[in-house]
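J.: Just dropping this structure here.
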Amino acid sequence: MKKLKSIWQKWSFLRKLRGIFGLIILILALGFLYFKIVPFGSITYSRIWPRGLASGKGFIYDFKPAERIDLADSSALRIVAEPVYFSLYAPRAFDKAEVTVKYQDKLGTSTPIIEIGVLRDKLTGQYELQPIQNDIIDRYRFSLPRLEDSPGRLILQTEKYYDNPVEFAKDLQAGNIKNCPGGPASCVAAYNYSLSPAFSLPDYNPISPLVITQPLRGARQFYVYFKSGVWRLAFDFVDLNFDKGQDPITVNVYAGDEIIATESLPDNNPTPDNGQSEKKNIILSGQRAAGLYRVEVKASDDIVMSKLNSSSDKISFINKIWPVQGTGNLTLFTDASYIGVVTLNPASLGELGFGGKKFNLDKTYKQFSFSAGVGVNKINLSKDDLVLENSGVFAFSAASLINPAVKKVDRYFILSDNIKYIIAAYQRPLENNGLKTAQAILDLKKAVNEKNKYTFLISIPGLDGAPGASEYLEIKEISIKLTGKTVLEKIGEIFKK
Amino acid sequence: MDKKDILANKNLVIRELFYFFTVLAAVFIVLEIIWPNIILAYFNLNYLLIPWFVFGFVWLFRQPHDF
């Protein structure tokens with residue numbers, strides 16, 4: 001210390017000044033490097049409205065599209081239509097994000113659900129969504145007998161069939177719950193809860209292979225039921241080459257969560273000289289026990305599946321279908337009581353039949369919602385190039401409809417006679433002086449991290465920003481706690497290798 | 001310390017502050033080039049240019065000149 005003091009005293013004024021300034025620069029640079037490395041593996045980033053004196057770009061930024069946000073009031077982020085996207089700059093990769101949202105809910109009964117998600121697949125635009133608010137669950141939480149209300153699980157029953165959640169879980173596992181002769185799929189509704197009831201068609205015997213010649217655009221998933229023995233799926237694709245990017249195609253076949261067959265086709269010619277479309281095909285086959293399989297077609301909107309040849313005629317498209325380039329007068333069937341319809345093509349506007357009713361599509365890029373009765377509903381399309389979505393499945397014949405999933409507590413959910421139980425992994429937001437606080441945990445290990453940027457989405461199904469609508473969501477604060485490996489853990493991993 | 005020394009020291013401090021902000025901006029820009037957003041997420045580098053300009057101009061005009 002004395003030595004340092006004597007050195008300091010020997011230094012000239014200029015040298016002292018430069019020493020101090022150099023030290024400041026070093027501390028600042030090391031400080032920024034510390035926040036870049038995040039050595040202890042955990043850091044929290046926040047965005048508060050109004051922004052105050054903050055001059056930096058921030059870590060939570062780029063809220064878009066602008067037309068879905070009301071920018072007139074800078075004291076809050078006012079979302080008038082959904083979905084709204086934003087980016088999170090993370091200085092390095094993390095494993096988990098705990099998102100806390102503080103908001104004022106000015107939404108109506110037609111928009112009971114708020115969800116937040118992170119981009120999982122850039123090609124298909126798939127997001128992992130977690131609940132922020134579900135008014136339907138919150139309403140039933142206090143009006144129905146609660147069997148369990150823990151942070152991980154909420155179980156409601158329409159009457160007191162069970163007294164013990166363990167007994168219920170055991171019966172659910174066995175697929176034999178009380179007052180539910182059709183099995184869990186017929187009487188349980190779920191929200192954000194993974195439930196895979198056993199599904200089998202013991203008498204199923206396909207008469208002939210199924211050939212779907214109606215072209216379908218973009219990514220999709222479908223259920224297929226194979227009888228025991230050899231199965232086969234042959235896909236014909238057309239790459240439209242409307243966009244200049246690469247359009248790889250991957251087809252995965254799942255038994256439960258396990259991939260049993262996969263095939264990928266890279267796009268070696270993303271920009272053909274004359275912009276012509278290209279034909280491609282994928283064939284998958286195997287030998288498995290009889291059962292239900294899920295097929296995932298991962299592709300961009302530039303890819304059209306022009307033909308599907310299947311050894312099974314039980315095929316149902318999950319949640320979404322986009323028929324294109326057909327001959328018109330297409331008939332589809334769905335097991336849901338509603339459909340969301342949107343078209344990007346002015347030539348596709350016109351009349352649509354759903355559940356015996358006629359509906360009119362009079363605007364492009366607008367999400368229409370049409371409701372019909374409970375059960376299987378018929379969809380008549382005089383023109384195609386329409387994106388049809390719901391929480392159920394779509395098929396080209398009523399006999400092909402198969403859906404092992406339990407009913408989802410979405411914004412159209414009505415507690416009908418056959419629903420006896422509701423299971424949810426959801427915690428209601430805390431409310432204080434009209435300001436609600438909700439939390440969601442998102443898995444970043446499977447999320448898309450593009451140049452240290454994660455893309456998030458805020459979804460409020462039904463919030464369409466229609467002219468004159470007074471519904472909106474006012475966000476006051478978004479705070480994201482990121483956790484991942486510490487520097488020591490990372491070094492340990494390197495040495496283990 | 002007489003008036004002349006104080007004035008000389010003042011000039012020296014202003015010059016050194018200008019150098020300080022020059023080096024600081026350079027370090028921040030290099031860090032930003034290597035790891036984009038490392039600085040901009042926290043701080044708008046344009047604000048660093050204000051004191052840099054101020055000290056630069058003050059130092060420039062306090063130089064002895066013969067024109």
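Starting from 1 in every chain, residues are counted up; chains themselves are A, B, ... following the order of the structure tokens, and ligands are numbered from 1 as listed.
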Using DSSP on the backbone, list every residue of chain B that comes out as helix (DSSP H, G or I), and give them as a PyMOL selection string.
T.: chain B and resi 3-34+46-61
J.: Write a file of the selected residues as a PDB file, in the first residue's frame, keeping C-alpha atoms.
T.:
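Listing of out26.pdb after writing:
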```pdb
ATOM      1  CA  LYS B   3      -2.865  32.039 -12.675  1.00  0.00           C
ATOM      2  CA  LYS B   4      -0.855  30.809 -15.674  1.00  0.00           C
ATOM      3  CA  ASP B   5      -0.399  27.339 -14.160  1.00  0.00           C
ATOM      4  CA  ILE B   6      -4.111  27.069 -13.324  1.00  0.00           C
ATOM      5  CA  LEU B   7      -5.005  28.012 -16.887  1.00  0.00           C
ATOM      6  CA  ALA B   8      -2.512  25.501 -18.276  1.00  0.00           C
ATOM      7  CA  ASN B   9      -3.911  22.752 -16.012  1.00  0.00           C
ATOM      8  CA  LYS B  10      -7.460  23.661 -17.051  1.00  0.00           C
ATOM      9  CA  ASN B  11      -6.499  23.302 -20.713  1.00  0.00           C
ATOM     10  CA  LEU B  12      -4.807  20.038 -19.925  1.00  0.00           C
ATOM     11  CA  VAL B  13      -7.904  18.638 -18.153  1.00  0.00           C
ATOM     12  CA  ILE B  14     -10.148  19.668 -21.046  1.00  0.00           C
ATOM     13  CA  ARG B  15      -7.807  18.009 -23.534  1.00  0.00           C
ATOM     14  CA  GLU B  16      -7.577  14.870 -21.433  1.00  0.00           C
ATOM     15  CA  LEU B  17     -11.381  14.754 -21.088  1.00  0.00           C
ATOM     16  CA  PHE B  18     -11.641  14.962 -24.871  1.00  0.00           C
ATOM     17  CA  TYR B  19      -9.120  12.102 -25.167  1.00  0.00           C
ATOM     18  CA  PHE B  20     -11.029  10.153 -22.498  1.00  0.00           C
ATOM     19  CA  PHE B  21     -14.331  10.407 -24.376  1.00  0.00           C
ATOM     20  CA  THR B  22     -12.580   9.572 -27.666  1.00  0.00           C
ATOM     21  CA  VAL B  23     -11.075   6.391 -26.227  1.00  0.00           C
ATOM     22  CA  LEU B  24     -14.325   5.520 -24.404  1.00  0.00           C
ATOM     23  CA  ALA B  25     -16.348   5.874 -27.633  1.00  0.00           C
ATOM     24  CA  ALA B  26     -13.760   3.810 -29.519  1.00  0.00           C
ATOM     25  CA  VAL B  27     -13.841   1.030 -26.885  1.00  0.00           C
ATOM     26  CA  PHE B  28     -17.661   1.002 -26.873  1.00  0.00           C
ATOM     27  CA  ILE B  29     -17.826   0.925 -30.688  1.00  0.00           C
ATOM     28  CA  VAL B  30     -15.320  -1.943 -30.868  1.00  0.00           C
ATOM     29  CA  LEU B  31     -17.274  -3.894 -28.222  1.00  0.00           C
ATOM     30  CA  GLU B  32     -20.503  -3.188 -30.123  1.00  0.00           C
ATOM     31  CA  ILE B  33     -18.933  -4.439 -33.386  1.00  0.00           C
ATOM     32  CA  ILE B  34     -17.676  -7.628 -31.716  1.00  0.00           C
ATOM     33  CA  ASN B  46     -25.124   9.213 -29.489  1.00  0.00           C
ATOM     34  CA  TYR B  47     -25.228  10.689 -26.007  1.00  0.00           C
ATOM     35  CA  LEU B  48     -21.506  10.026 -25.660  1.00  0.00           C
ATOM     36  CA  LEU B  49     -20.893  12.274 -28.651  1.00  0.00           C
ATOM     37  CA  ILE B  50     -22.295  15.314 -26.805  1.00  0.00           C
ATOM     38  CA  PRO B  51     -19.490  15.628 -24.188  1.00  0.00           C
ATOM     39  CA  TRP B  52     -16.966  14.476 -26.794  1.00  0.00           C
ATOM     40  CA  PHE B  53     -17.984  17.355 -29.107  1.00  0.00           C
ATOM     41  CA  VAL B  54     -18.178  19.873 -26.253  1.00  0.00           C
ATOM     42  CA  PHE B  55     -14.719  19.072 -24.866  1.00  0.00           C
ATOM     43  CA  GLY B  56     -13.285  18.801 -28.373  1.00  0.00           C
ATOM     44  CA  PHE B  57     -14.531  22.233 -29.396  1.00  0.00           C
ATOM     45  CA  VAL B  58     -13.588  23.919 -26.105  1.00  0.00           C
ATOM     46  CA  TRP B  59     -10.104  22.475 -26.313  1.00  0.00           C
ATOM     47  CA  LEU B  60      -9.798  23.509 -29.968  1.00  0.00           C
ATOM     48  CA  PHE B  61     -10.810  27.118 -29.295  1.00  0.00           C
TER      49      PHE B  61
END
```
J.: Skip Ala347 of chain A itself and residues of its chain fewer than 2 positions away, then list as a PyMOL selection string all residues within 10 Å of it, counting only C-alpha atoms.
T.: chain A and resi 343-345+349-350+364+383-385
J.: Choose the residue, out of A:Asn452, A:Lys122, A:Ala424, A:Val80, that has the smallest atom-to-atom separation from Ala469 of chain A; count only C-alpha atoms.
T.: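 Of A:Asn452, A:Lys122, A:Ala424, A:Val80, the one nearest Ala469 of chain A, counting only C-alpha atoms, is A:Val80.
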J.: Can you build me a table of chain B residues sitting at most 6 Å from chain A, with the closest atom pair per residue and its distance in Å to one decimal, using only C-alpha atoms, sorted by chain and residue number, as JSON lines?
T.:
```
{"residue": "B:Leu40", "atom": "CA", "partner": "A:Gly56", "partner_atom": "CA", "distance": 5.5}
{"residue": "B:Ala41", "atom": "CA", "partner": "A:Gly58", "partner_atom": "CA", "distance": 4.5}
{"residue": "B:Tyr42", "atom": "CA", "partner": "A:Gly56", "partner_atom": "CA", "distance": 4.4}
{"residue": "B:Phe43", "atom": "CA", "partner": "A:Gly56", "partner_atom": "CA", "distance": 3.9}
{"residue": "B:Asn44", "atom": "CA", "partner": "A:Gly56", "partner_atom": "CA", "distance": 4.7}
```
J.: Write out as an mmCIF file with N, CA and C atoms, in the first residue's frame which residues come within 12 Å of segment 223-227 of chain A when counting only C-alpha atoms, dropping same-chain ones fewer than 3 positions away.
T.:
```
data_model
loop_
_atom_site.group_PDB
_atom_site.id
_atom_site.type_symbol
_atom_site.label_atom_id
_atom_site.label_comp_id
_atom_site.auth_asym_id
_atom_site.auth_seq_id
_atom_site.Cartn_x
_atom_site.Cartn_y
_atom_site.Cartn_z
ATOM 1 N N PHE A 199 -55.965 -44.349 -27.139
ATOM 2 C CA PHE A 199 -56.892 -44.301 -28.264
ATOM 3 C C PHE A 199 -56.692 -45.542 -29.109
ATOM 4 N N SER A 200 -57.778 -46.249 -29.346
ATOM 5 C CA SER A 200 -57.642 -47.428 -30.212
ATOM 6 C C SER A 200 -58.931 -47.661 -30.992
ATOM 7 N N LEU A 201 -58.772 -48.239 -32.162
ATOM 8 C CA LEU A 201 -59.909 -48.616 -33.002
ATOM 9 C C LEU A 201 -59.758 -50.121 -33.251
ATOM 10 N N PRO A 202 -60.214 -50.951 -32.309
ATOM 11 C CA PRO A 202 -59.936 -52.394 -32.419
ATOM 12 C C PRO A 202 -60.515 -53.038 -33.690
ATOM 13 N N ASP A 203 -61.629 -52.494 -34.175
ATOM 14 C CA ASP A 203 -62.262 -53.117 -35.349
ATOM 15 C C ASP A 203 -61.832 -52.466 -36.659
ATOM 16 N N TYR A 204 -60.829 -51.583 -36.588
ATOM 17 C CA TYR A 204 -60.458 -50.831 -37.792
ATOM 18 C C TYR A 204 -59.800 -51.728 -38.835
ATOM 19 N N ASN A 205 -60.325 -51.641 -40.029
ATOM 20 C CA ASN A 205 -59.762 -52.397 -41.147
ATOM 21 C C ASN A 205 -59.898 -51.545 -42.410
ATOM 22 N N PRO A 206 -58.834 -50.910 -42.857
ATOM 23 C CA PRO A 206 -58.969 -50.019 -44.012
ATOM 24 C C PRO A 206 -59.405 -50.775 -45.262
ATOM 25 N N ILE A 207 -60.376 -50.203 -45.956
ATOM 26 C CA ILE A 207 -60.904 -50.876 -47.150
ATOM 27 C C ILE A 207 -59.895 -50.721 -48.294
ATOM 28 N N PRO A 209 -56.337 -48.024 -49.709
ATOM 29 C CA PRO A 209 -55.445 -46.903 -49.364
ATOM 30 C C PRO A 209 -56.126 -45.569 -49.681
ATOM 31 N N LEU A 210 -55.768 -44.552 -48.934
ATOM 32 C CA LEU A 210 -56.383 -43.241 -49.136
ATOM 33 C C LEU A 210 -55.454 -42.369 -49.987
ATOM 34 N N ARG A 220 -48.131 -28.533 -41.491
ATOM 35 C CA ARG A 220 -49.336 -29.099 -40.890
ATOM 36 C C ARG A 220 -48.963 -30.336 -40.075
ATOM 37 N N VAL A 230 -47.315 -53.341 -41.976
ATOM 38 C CA VAL A 230 -46.558 -52.343 -42.744
ATOM 39 C C VAL A 230 -47.441 -51.116 -42.985
ATOM 40 N N TRP A 231 -46.873 -49.965 -42.748
ATOM 41 C CA TRP A 231 -47.573 -48.719 -43.073
ATOM 42 C C TRP A 231 -46.750 -47.931 -44.083
ATOM 43 N N ARG A 232 -47.410 -47.034 -44.790
ATOM 44 C CA ARG A 232 -46.714 -46.275 -45.832
ATOM 45 C C ARG A 232 -47.379 -44.915 -46.011
ATOM 46 N N LEU A 233 -46.547 -43.883 -46.145
ATOM 47 C CA LEU A 233 -47.039 -42.530 -46.438
ATOM 48 C C LEU A 233 -46.181 -41.966 -47.572
ATOM 49 N N ASN A 252 -41.944 -35.843 -39.981
ATOM 50 C CA ASN A 252 -41.682 -36.676 -38.806
ATOM 51 C C ASN A 252 -42.932 -37.480 -38.483
ATOM 52 N N VAL A 253 -42.751 -38.737 -38.149
ATOM 53 C CA VAL A 253 -43.878 -39.567 -37.703
ATOM 54 C C VAL A 253 -43.643 -39.900 -36.231
ATOM 55 N N TYR A 254 -44.614 -39.559 -35.391
ATOM 56 C CA TYR A 254 -44.481 -39.757 -33.941
ATOM 57 C C TYR A 254 -45.415 -40.854 -33.445
ATOM 58 N N ALA A 255 -44.893 -41.645 -32.495
ATOM 59 C CA ALA A 255 -45.751 -42.529 -31.695
ATOM 60 C C ALA A 255 -45.647 -41.947 -30.292
ATOM 61 N N GLY A 256 -46.658 -41.304 -29.815
ATOM 62 C CA GLY A 256 -46.560 -40.531 -28.567
ATOM 63 C C GLY A 256 -45.641 -39.357 -28.809
ATOM 64 N N SER A 285 -42.063 -45.303 -44.695
ATOM 65 C CA SER A 285 -42.789 -46.545 -44.430
ATOM 66 C C SER A 285 -42.137 -47.260 -43.251
ATOM 67 N N GLY A 286 -42.839 -48.216 -42.710
ATOM 68 C CA GLY A 286 -42.305 -48.959 -41.571
ATOM 69 C C GLY A 286 -43.259 -50.048 -41.158
ATOM 70 N N GLN A 287 -42.887 -50.691 -40.073
ATOM 71 C CA GLN A 287 -43.728 -51.762 -39.560
ATOM 72 C C GLN A 287 -43.939 -51.522 -38.073
ATOM 73 N N ARG A 288 -45.168 -51.341 -37.670
ATOM 74 C CA ARG A 288 -45.451 -51.022 -36.272
ATOM 75 C C ARG A 288 -46.735 -51.714 -35.827
ATOM 76 N N ALA A 289 -46.937 -51.667 -34.512
ATOM 77 C CA ALA A 289 -48.191 -52.198 -33.963
ATOM 78 C C ALA A 289 -49.333 -51.250 -34.325
ATOM 79 N N ALA A 290 -50.545 -51.756 -34.312
ATOM 80 C CA ALA A 290 -51.711 -50.922 -34.624
ATOM 81 C C ALA A 290 -51.799 -49.773 -33.621
ATOM 82 N N GLY A 291 -52.173 -48.622 -34.103
ATOM 83 C CA GLY A 291 -52.310 -47.494 -33.180
ATOM 84 C C GLY A 291 -52.357 -46.169 -33.893
ATOM 85 N N LEU A 292 -52.439 -45.154 -33.064
ATOM 86 C CA LEU A 292 -52.549 -43.793 -33.578
ATOM 87 C C LEU A 292 -51.165 -43.160 -33.653
ATOM 88 N N TYR A 293 -50.872 -42.520 -34.755
ATOM 89 C CA TYR A 293 -49.583 -41.862 -34.958
ATOM 90 C C TYR A 293 -49.837 -40.410 -35.347
ATOM 91 N N ARG A 294 -48.885 -39.568 -35.002
ATOM 92 C CA ARG A 294 -48.986 -38.151 -35.372
ATOM 93 C C ARG A 294 -47.911 -37.854 -36.408
ATOM 94 N N VAL A 295 -48.314 -37.214 -37.487
ATOM 95 C CA VAL A 295 -47.363 -36.894 -38.553
ATOM 96 C C VAL A 295 -47.210 -35.377 -38.615
ATOM 97 N N GLU A 296 -45.968 -34.937 -38.623
ATOM 98 C CA GLU A 296 -45.673 -33.503 -38.667
ATOM 99 C C GLU A 296 -44.972 -33.193 -39.984
ATOM 100 N N VAL A 297 -45.556 -32.274 -40.742
ATOM 101 C CA VAL A 297 -44.922 -31.825 -41.989
ATOM 102 C C VAL A 297 -44.386 -30.422 -41.716
ATOM 103 N N ASN A 309 -50.527 -40.111 -50.356
ATOM 104 C CA ASN A 309 -50.946 -41.492 -50.541
ATOM 105 C C ASN A 309 -50.674 -42.221 -49.235
ATOM 106 N N SER A 310 -51.738 -42.728 -48.611
ATOM 107 C CA SER A 310 -51.571 -43.339 -47.290
ATOM 108 C C SER A 310 -52.153 -44.734 -47.260
ATOM 109 N N SER A 311 -51.515 -45.613 -46.486
ATOM 110 C CA SER A 311 -52.047 -46.973 -46.351
ATOM 111 C C SER A 311 -53.258 -46.996 -45.421
ATOM 112 N N SER A 312 -53.509 -45.859 -44.746
ATOM 113 C CA SER A 312 -54.671 -45.776 -43.860
ATOM 114 C C SER A 312 -55.635 -44.704 -44.377
ATOM 115 N N ASP A 313 -56.927 -44.926 -44.202
ATOM 116 C CA ASP A 313 -57.889 -43.900 -44.608
ATOM 117 C C ASP A 313 -58.394 -43.087 -43.418
ATOM 118 N N LYS A 314 -57.794 -43.327 -42.265
ATOM 119 C CA LYS A 314 -58.155 -42.539 -41.071
ATOM 120 C C LYS A 314 -57.115 -41.446 -40.902
ATOM 121 N N ILE A 315 -57.380 -40.300 -41.503
ATOM 122 C CA ILE A 315 -56.444 -39.180 -41.421
ATOM 123 C C ILE A 315 -57.200 -37.921 -41.034
ATOM 124 N N SER A 316 -56.748 -37.268 -39.974
ATOM 125 C CA SER A 316 -57.382 -36.015 -39.536
ATOM 126 C C SER A 316 -56.316 -34.954 -39.319
ATOM 127 N N PHE A 317 -56.518 -33.809 -39.905
ATOM 128 C CA PHE A 317 -55.548 -32.710 -39.812
ATOM 129 C C PHE A 317 -55.786 -31.920 -38.525
ATOM 130 N N ILE A 318 -54.703 -31.711 -37.778
ATOM 131 C CA ILE A 318 -54.815 -31.138 -36.433
ATOM 132 C C ILE A 318 -54.815 -29.608 -36.486
ATOM 133 N N ASN A 319 -55.869 -29.009 -35.974
ATOM 134 C CA ASN A 319 -56.004 -27.554 -35.728
ATOM 135 C C ASN A 319 -56.044 -26.656 -36.963
ATOM 136 N N GLY A 392 -59.922 -28.291 -32.912
ATOM 137 C CA GLY A 392 -60.224 -29.688 -33.194
ATOM 138 C C GLY A 392 -59.430 -30.208 -34.376
ATOM 139 N N VAL A 393 -60.043 -31.112 -35.124
ATOM 140 C CA VAL A 393 -59.376 -31.680 -36.309
ATOM 141 C C VAL A 393 -60.258 -31.499 -37.543
ATOM 142 N N PHE A 394 -59.625 -31.587 -38.716
ATOM 143 C CA PHE A 394 -60.328 -31.497 -40.001
ATOM 144 C C PHE A 394 -60.074 -32.790 -40.775
ATOM 145 N N ALA A 395 -61.082 -33.223 -41.534
ATOM 146 C CA ALA A 395 -60.902 -34.404 -42.385
ATOM 147 C C ALA A 395 -61.722 -34.231 -43.649
ATOM 148 N N SER A 400 -63.399 -40.322 -41.546
ATOM 149 C CA SER A 400 -61.945 -40.218 -41.317
ATOM 150 C C SER A 400 -61.591 -39.457 -40.043
ATOM 151 N N LEU A 401 -62.591 -38.814 -39.432
ATOM 152 C CA LEU A 401 -62.294 -37.978 -38.257
ATOM 153 C C LEU A 401 -61.830 -38.827 -37.082
ATOM 154 N N ILE A 402 -60.632 -38.555 -36.624
ATOM 155 C CA ILE A 402 -60.138 -39.184 -35.393
ATOM 156 C C ILE A 402 -59.454 -38.095 -34.580
ATOM 157 N N ASN A 403 -59.768 -38.053 -33.308
ATOM 158 C CA ASN A 403 -59.160 -37.043 -32.454
ATOM 159 C C ASN A 403 -58.997 -37.602 -31.049
ATOM 160 N N PRO A 404 -57.774 -37.981 -30.691
ATOM 161 C CA PRO A 404 -57.573 -38.534 -29.352
ATOM 162 C C PRO A 404 -57.474 -37.459 -28.270
ATOM 163 N N ALA A 405 -57.328 -36.204 -28.699
ATOM 164 C CA ALA A 405 -57.098 -35.131 -27.731
ATOM 165 C C ALA A 405 -58.377 -34.813 -26.967
#
```
J.: How many Å separate atom CA of Val341 of chain A from atom CA of Val118 of chain A?
T.: 23.8 Å
J.: As a VMD selection string, please: the residues near segment 351-353 of chain A (cut-off 9 Å, only C-alpha atoms, same-chain neighbours under 4 positions excluded).
T.: chain A and resid 357 to 362 378 to 383
J.: To one decimal place, how far is atom CA of Ser300 of chain A from atom CA of Phe242 of chain A in Å?
T.: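 The value is 10.8 Å.
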J.: Run DSSP on the backbone and grab whatever in segment 141-262 of chain A lands in strand (DSSP E or B); send it over as number ranges by chain.
T.: A: 146-149, 154-157, 188-191, 210-212, 216-217, 220-226, 229-239, 249-255, 258-262
